[in-house]
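Student: Got a structure here, written out as structure tokens. Questions coming.
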Amino acid sequence: MKLIVLACVAAVAVAAPTYDSVSLEVARILTDERTMADDGSSYAFNFDTENGISQQEAGAAITSGSAEGAVAQSGSISFTLPDGQQFEMTYVADDGGFQPESSFLPVAPAFPHEIPQFVLDQIEKARREDEEEARSGPRKSYSSP
């Protein structure tokens with residue numbers, strides 16, 4: 001029995017992957033610029049590395065509206081993909097949410113057909129009923145359909 005357990009442990013040890021061939025590439029930073037307003041209400045940064053990674057971003061506090069206290073940001077990032085293609089993306093993040101733009105991002109397909117008129121009529125009828133119910137208040141009793 002001990003021989004079987006020892007054989008299993010040896011088999012697991014031999015099958016374990018080795019990571020000697022994995023090397024971690026460290027790229028030198030070529031550009032590193034950072035600025036921040038004295039009151040902390042805005043910032044900007046820009047960096048570039050020797051392996052082609054580049055990112056720029058600027059942000060400022062939102063001072064009015066429903067997103068007051070949040071930070072609006074805009075920027076871009078680019079780098080080379082493993083297959084050699086150049087990835088580029090610009091973005092804005094503000095009270096309208098995160099809005100990236102890149103040719104690499106998927107795009108939803110166009111709706112395949114027009115919505116039939118009878119469906120639009122039903123939607124409109126339901127909207128009118130909801131408005132009427134909201135004006136008249138909740139029902140006191142319910143009747144059978």
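Going through the structure tokens in order, the chains are called A, B, and so on, while each chain numbers its residues from 1 and the ligands are numbered from 1 in the order shown.
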Dump as a tab-separated table the rows for residues of region 35-69 of chain A within 8 Å of region 76-81 of chain A: closest atom pair and distance in Å with one decimal, only C-alpha atoms counted, ordered by chain and rising residue number.

Tutor:
residue	atom	partner	partner_atom	distance
A:Gly52	CA	A:Phe79	CA	5.5
A:Ile53	CA	A:Phe79	CA	4.5
A:Ser54	CA	A:Ser78	CA	5.3
A:Gln55	CA	A:Ile77	CA	4.3
A:Gln56	CA	A:Ser76	CA	5.4
A:Glu57	CA	A:Ser76	CA	6.5

Student: Just asking: which residues within chain A are strand (DSSP E) according to DSSP, as a PyMOL selection string?

Tutor: chain A and resi 29-36+42-49+54-61+71-80+86-94+97-101

Student: Step one, run DSSP on the backbone; step two, keep only residues of chain A assigned to alpha helix (DSSP H); then write them as a compact mmCIF listing (two decimals) with all heavy atoms, in the first residue's frame.

Tutor:
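Saved file out-v5.txt follows:
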# COMPACT_ATOMS: atom_id res chain seq x y z
N LYS A 2 1.94 1.27 0.81
CA LYS A 2 2.83 2.42 0.87
C LYS A 2 3.52 2.63 -0.47
O LYS A 2 3.75 3.77 -0.88
CB LYS A 2 3.88 2.23 1.96
CG LYS A 2 3.31 2.27 3.36
CD LYS A 2 4.40 2.07 4.38
CE LYS A 2 3.82 2.02 5.79
NZ LYS A 2 4.86 1.82 6.79
N LEU A 3 3.79 1.54 -1.16
CA LEU A 3 4.44 1.65 -2.46
C LEU A 3 3.51 2.33 -3.47
O LEU A 3 3.95 3.16 -4.27
CB LEU A 3 4.85 0.26 -2.96
CG LEU A 3 5.61 0.22 -4.28
CD1 LEU A 3 6.90 1.03 -4.17
CD2 LEU A 3 5.89 -1.20 -4.69
N ILE A 4 2.23 2.06 -3.42
CA ILE A 4 1.26 2.67 -4.33
C ILE A 4 1.14 4.17 -4.05
O ILE A 4 1.15 5.00 -4.97
CB ILE A 4 -0.12 1.98 -4.21
CG1 ILE A 4 -0.02 0.54 -4.72
CG2 ILE A 4 -1.19 2.76 -4.97
CD1 ILE A 4 -1.26 -0.27 -4.50
N VAL A 5 1.07 4.55 -2.77
CA VAL A 5 0.98 5.96 -2.41
C VAL A 5 2.25 6.69 -2.84
O VAL A 5 2.20 7.79 -3.40
CB VAL A 5 0.74 6.12 -0.88
CG1 VAL A 5 0.86 7.57 -0.46
CG2 VAL A 5 -0.62 5.56 -0.50
N LEU A 6 3.40 6.09 -2.62
CA LEU A 6 4.67 6.69 -3.01
C LEU A 6 4.74 6.85 -4.53
O LEU A 6 5.21 7.88 -5.04
CB LEU A 6 5.84 5.84 -2.50
CG LEU A 6 7.23 6.38 -2.78
CD1 LEU A 6 7.41 7.75 -2.16
CD2 LEU A 6 8.29 5.41 -2.30
N ALA A 7 4.24 5.88 -5.27
CA ALA A 7 4.23 5.96 -6.73
C ALA A 7 3.31 7.08 -7.21
O ALA A 7 3.64 7.81 -8.16
CB ALA A 7 3.80 4.62 -7.33
N CYS A 8 2.17 7.26 -6.56
CA CYS A 8 1.23 8.34 -6.93
C CYS A 8 1.86 9.71 -6.66
O CYS A 8 1.75 10.63 -7.47
CB CYS A 8 -0.08 8.19 -6.16
SG CYS A 8 -1.07 6.79 -6.70
N VAL A 9 2.50 9.87 -5.51
CA VAL A 9 3.15 11.14 -5.18
C VAL A 9 4.26 11.44 -6.18
O VAL A 9 4.41 12.57 -6.65
CB VAL A 9 3.69 11.11 -3.73
CG1 VAL A 9 4.57 12.32 -3.45
CG2 VAL A 9 2.53 11.06 -2.74
N ALA A 10 5.03 10.43 -6.55
CA ALA A 10 6.10 10.62 -7.52
C ALA A 10 5.53 11.00 -8.89
O ALA A 10 6.09 11.86 -9.58
CB ALA A 10 6.95 9.35 -7.62
N ALA A 11 4.41 10.39 -9.28
CA ALA A 11 3.80 10.69 -10.57
C ALA A 11 3.31 12.14 -10.60
O ALA A 11 3.47 12.85 -11.61
CB ALA A 11 2.64 9.74 -10.85
N VAL A 12 2.72 12.61 -9.51
CA VAL A 12 2.25 13.99 -9.44
C VAL A 12 3.43 14.96 -9.51
O VAL A 12 3.39 15.98 -10.19
CB VAL A 12 1.42 14.21 -8.15
CG1 VAL A 12 1.15 15.69 -7.92
CG2 VAL A 12 0.11 13.45 -8.23
N ALA A 13 4.52 14.64 -8.82
CA ALA A 13 5.70 15.51 -8.82
C ALA A 13 6.31 15.60 -10.21
O ALA A 13 6.74 16.67 -10.65
CB ALA A 13 6.73 14.99 -7.82
N VAL A 14 6.35 14.50 -10.92
CA VAL A 14 6.93 14.50 -12.27
C VAL A 14 6.03 15.26 -13.24
O VAL A 14 6.51 15.96 -14.14
CB VAL A 14 7.15 13.04 -12.75
CG1 VAL A 14 7.49 13.00 -14.23
CG2 VAL A 14 8.25 12.39 -11.93
N ALA A 15 4.70 15.17 -13.06
CA ALA A 15 3.75 15.81 -13.97
C ALA A 15 3.58 17.30 -13.69
O ALA A 15 3.00 18.02 -14.51
CB ALA A 15 2.39 15.12 -13.89
N GLN A 117 -46.98 47.48 -36.49
CA GLN A 117 -47.83 48.56 -35.98
C GLN A 117 -48.72 48.09 -34.84
O GLN A 117 -48.91 48.82 -33.87
CB GLN A 117 -48.69 49.15 -37.11
CG GLN A 117 -49.49 50.38 -36.68
CD GLN A 117 -48.61 51.50 -36.17
OE1 GLN A 117 -47.59 51.84 -36.77
NE2 GLN A 117 -49.00 52.10 -35.05
N PHE A 118 -49.24 46.86 -34.89
CA PHE A 118 -50.13 46.40 -33.81
C PHE A 118 -49.38 46.31 -32.48
O PHE A 118 -49.95 46.53 -31.42
CB PHE A 118 -50.81 45.06 -34.16
CG PHE A 118 -49.90 43.86 -34.10
CD1 PHE A 118 -49.78 43.12 -32.92
CD2 PHE A 118 -49.19 43.45 -35.21
CE1 PHE A 118 -48.97 42.01 -32.87
CE2 PHE A 118 -48.38 42.34 -35.16
CZ PHE A 118 -48.26 41.61 -33.99
N VAL A 119 -48.08 46.03 -32.54
CA VAL A 119 -47.28 46.00 -31.31
C VAL A 119 -47.10 47.42 -30.78
O VAL A 119 -47.24 47.67 -29.58
CB VAL A 119 -45.91 45.33 -31.57
CG1 VAL A 119 -45.01 45.44 -30.35
CG2 VAL A 119 -46.09 43.87 -31.97
N LEU A 120 -46.81 48.36 -31.67
CA LEU A 120 -46.69 49.76 -31.27
C LEU A 120 -48.00 50.28 -30.68
O LEU A 120 -48.00 51.04 -29.70
CB LEU A 120 -46.25 50.62 -32.45
CG LEU A 120 -44.86 50.31 -33.01
CD1 LEU A 120 -44.61 51.11 -34.29
CD2 LEU A 120 -43.79 50.60 -31.99
N ASP A 121 -49.14 49.85 -31.27
CA ASP A 121 -50.45 50.25 -30.75
C ASP A 121 -50.66 49.71 -29.34
O ASP A 121 -51.17 50.41 -28.46
CB ASP A 121 -51.57 49.76 -31.66
CG ASP A 121 -51.56 50.42 -33.03
OD1 ASP A 121 -50.90 51.49 -33.17
OD2 ASP A 121 -52.18 49.88 -33.96
N GLN A 122 -50.26 48.47 -29.08
CA GLN A 122 -50.40 47.88 -27.74
C GLN A 122 -49.52 48.59 -26.73
O GLN A 122 -49.93 48.83 -25.59
CB GLN A 122 -50.04 46.39 -27.78
CG GLN A 122 -51.11 45.49 -28.33
CD GLN A 122 -52.36 45.52 -27.49
OE1 GLN A 122 -53.35 46.13 -27.89
NE2 GLN A 122 -52.34 44.90 -26.34
N ILE A 123 -48.32 48.94 -27.14
CA ILE A 123 -47.42 49.67 -26.24
C ILE A 123 -48.02 51.03 -25.90
O ILE A 123 -48.01 51.45 -24.74
CB ILE A 123 -46.02 49.81 -26.89
CG1 ILE A 123 -45.35 48.44 -27.00
CG2 ILE A 123 -45.15 50.79 -26.11
CD1 ILE A 123 -44.09 48.43 -27.83
N GLU A 124 -48.56 51.72 -26.88
CA GLU A 124 -49.19 53.02 -26.65
C GLU A 124 -50.40 52.88 -25.74
O GLU A 124 -50.62 53.69 -24.84
CB GLU A 124 -49.58 53.66 -27.99
CG GLU A 124 -50.28 54.99 -27.86
CD GLU A 124 -49.45 56.07 -27.17
OE1 GLU A 124 -48.21 55.95 -27.13
OE2 GLU A 124 -50.05 57.04 -26.65
N LYS A 125 -51.22 51.84 -25.95
CA LYS A 125 -52.40 51.61 -25.11
C LYS A 125 -51.97 51.38 -23.65
O LYS A 125 -52.56 51.93 -22.72
CB LYS A 125 -53.19 50.41 -25.62
CG LYS A 125 -54.41 50.10 -24.79
CD LYS A 125 -55.16 48.90 -25.30
CE LYS A 125 -56.35 48.64 -24.37
NZ LYS A 125 -56.87 47.32 -24.50
N ALA A 126 -50.95 50.57 -23.45
CA ALA A 126 -50.46 50.31 -22.10
C ALA A 126 -49.94 51.58 -21.45
O ALA A 126 -50.17 51.83 -20.26
CB ALA A 126 -49.37 49.24 -22.13
N ARG A 127 -49.26 52.44 -22.22
CA ARG A 127 -48.76 53.70 -21.69
C ARG A 127 -49.91 54.60 -21.25
O ARG A 127 -49.87 55.18 -20.16
CB ARG A 127 -47.91 54.42 -22.74
CG ARG A 127 -47.23 55.69 -22.22
CD ARG A 127 -46.64 56.54 -23.33
NE ARG A 127 -47.65 57.02 -24.28
CZ ARG A 127 -48.49 58.02 -24.03
NH1 ARG A 127 -48.47 58.63 -22.88
NH2 ARG A 127 -49.36 58.40 -24.94
N ARG A 128 -50.97 54.68 -22.08
CA ARG A 128 -52.13 55.51 -21.72
C ARG A 128 -52.82 54.96 -20.48
O ARG A 128 -53.23 55.72 -19.60
CB ARG A 128 -53.12 55.58 -22.90
CG ARG A 128 -52.66 56.49 -24.03
CD ARG A 128 -53.78 56.79 -25.02
NE ARG A 128 -54.52 55.62 -25.44
CZ ARG A 128 -54.27 54.89 -26.54
NH1 ARG A 128 -53.30 55.24 -27.35
NH2 ARG A 128 -55.02 53.84 -26.83
N GLU A 129 -52.95 53.63 -20.38
CA GLU A 129 -53.58 53.04 -19.19
C GLU A 129 -52.76 53.32 -17.93
O GLU A 129 -53.32 53.60 -16.87
CB GLU A 129 -53.75 51.53 -19.39
CG GLU A 129 -54.83 51.17 -20.39
CD GLU A 129 -54.89 49.67 -20.66
OE1 GLU A 129 -54.00 48.92 -20.22
OE2 GLU A 129 -55.85 49.25 -21.34
N ASP A 130 -51.44 53.24 -18.05
CA ASP A 130 -50.58 53.54 -16.90
C ASP A 130 -50.73 54.99 -16.47
O ASP A 130 -50.81 55.30 -15.27
CB ASP A 130 -49.11 53.25 -17.23
CG ASP A 130 -48.81 51.77 -17.30
OD1 ASP A 130 -49.65 50.96 -16.84
OD2 ASP A 130 -47.73 51.42 -17.84
N GLU A 131 -50.79 55.91 -17.44
CA GLU A 131 -50.99 57.33 -17.11
C GLU A 131 -52.33 57.55 -16.44
O GLU A 131 -52.43 58.29 -15.46
CB GLU A 131 -50.89 58.19 -18.37
CG GLU A 131 -49.49 58.40 -18.88
CD GLU A 131 -49.46 59.25 -20.14
OE1 GLU A 131 -50.55 59.60 -20.67
OE2 GLU A 131 -48.35 59.55 -20.61
N GLU A 132 -53.40 56.92 -16.97
CA GLU A 132 -54.74 57.06 -16.39
C GLU A 132 -54.79 56.52 -14.97
O GLU A 132 -55.35 57.14 -14.07
CB GLU A 132 -55.76 56.33 -17.27
CG GLU A 132 -57.20 56.51 -16.82
CD GLU A 132 -58.17 55.79 -17.74
OE1 GLU A 132 -58.02 55.91 -18.97
OE2 GLU A 132 -59.06 55.11 -17.21
N GLU A 133 -54.15 55.38 -14.75
CA GLU A 133 -54.12 54.79 -13.41
C GLU A 133 -53.33 55.66 -12.44
O GLU A 133 -53.70 55.83 -11.28
CB GLU A 133 -53.50 53.39 -13.46
CG GLU A 133 -53.57 52.65 -12.14
CD GLU A 133 -53.07 51.23 -12.26
OE1 GLU A 133 -53.43 50.56 -13.24
OE2 GLU A 133 -52.31 50.82 -11.37
N ALA A 134 -52.26 56.27 -12.93
CA ALA A 134 -51.46 57.14 -12.07
C ALA A 134 -52.25 58.39 -11.67
O ALA A 134 -52.11 58.88 -10.55
CB ALA A 134 -50.17 57.54 -12.79
N ARG A 135 -53.07 58.90 -12.58
CA ARG A 135 -53.88 60.08 -12.26
C ARG A 135 -55.01 59.75 -11.29
O ARG A 135 -55.34 60.53 -10.42
CB ARG A 135 -54.48 60.67 -13.54
CG ARG A 135 -53.51 61.50 -14.35
CD ARG A 135 -54.23 62.31 -15.42
NE ARG A 135 -54.99 61.48 -16.33
CZ ARG A 135 -54.53 61.01 -17.50
NH1 ARG A 135 -53.31 61.32 -17.89
NH2 ARG A 135 -55.28 60.27 -18.28
N SER A 136 -55.60 58.56 -11.44
CA SER A 136 -56.76 58.22 -10.61
C SER A 136 -56.36 57.61 -9.27
O SER A 136 -57.20 57.46 -8.39
CB SER A 136 -57.68 57.25 -11.36
OG SER A 136 -57.02 56.02 -11.59

Student: Which one of A:Val107, A:Asp32, A:Gly75, A:Ala61 sits closest to Val92 (chain A) if you count only C-alpha atoms?

Tutor: A:Gly75

Student: Identify, on the basis of only C-alpha atoms, every residue whose closest approach to Gly59 (chain A) does not exceed 7 Å; exclude the query and any residue fewer than 4 positions from it along the same chain; express the result as a list in words.

Tutor: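 The contact residues come out as Ser42, Tyr43, Ala44, Val71, Ala72, Gln73 and Ser74 of chain A.
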
Student: How would the residues just chosen look if you wrote them out with N, CA and C atoms as a compact mmCIF listing (two decimals), in the first residue's frame?

Tutor:
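See out31.txt below for the written result:
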# COMPACT_ATOMS: atom_id res chain seq x y z
N SER A 42 -8.65 68.73 -10.23
CA SER A 42 -8.36 68.20 -11.57
C SER A 42 -6.98 67.56 -11.57
N TYR A 43 -6.77 66.70 -12.56
CA TYR A 43 -5.48 66.02 -12.70
C TYR A 43 -5.28 65.66 -14.16
N ALA A 44 -4.06 65.27 -14.49
CA ALA A 44 -3.74 64.77 -15.82
C ALA A 44 -2.48 63.92 -15.71
N VAL A 71 -15.96 62.43 -10.59
CA VAL A 71 -14.88 62.93 -11.43
C VAL A 71 -15.18 62.58 -12.88
N ALA A 72 -15.15 63.57 -13.75
CA ALA A 72 -15.27 63.33 -15.18
C ALA A 72 -13.88 63.10 -15.74
N GLN A 73 -13.72 62.06 -16.55
CA GLN A 73 -12.42 61.70 -17.09
C GLN A 73 -12.50 61.52 -18.59
N SER A 74 -11.39 61.76 -19.25
CA SER A 74 -11.27 61.45 -20.67
C SER A 74 -9.83 61.07 -20.94

Student: Rounded to one decimal place, report the CA of Gly40 (chain A)-CA of Gly69 (chain A) distance in Å.

Tutor: 11.9 Å

Student: Can you tell me how far CA of Glu88 (chain A) sits from CA of Pro106 (chain A), in Å to one decimal?

Tutor: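 Value for the CA of Glu88 (chain A)-CA of Pro106 (chain A) distance: 13.8 Å.
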
Student: Please, what distance in Å, to one decimal, runs between CA of Ser102 (chain A) and CA of Ala60 (chain A)?

Tutor: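 That distance, rounded to one decimal, is 23.2 Å.
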
Student: Which of these residues is nearest to Ala70 (chain A), using only C-alpha atoms: A:Ala110, A:Ala27, A:Ala58, A:Ala93?

Tutor: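 Nearest candidate to Ala70 (chain A) out of A:Ala110, A:Ala27, A:Ala58, A:Ala93: A:Ala93.
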
Student: Which is closest to Ala67 (chain A) among A:Gly96, A:Asp83, A:Asn51, A:Asn46, if we use only C-alpha atoms?

Tutor: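 Of all the options, A:Gly96 lies closest to Ala67 (chain A).
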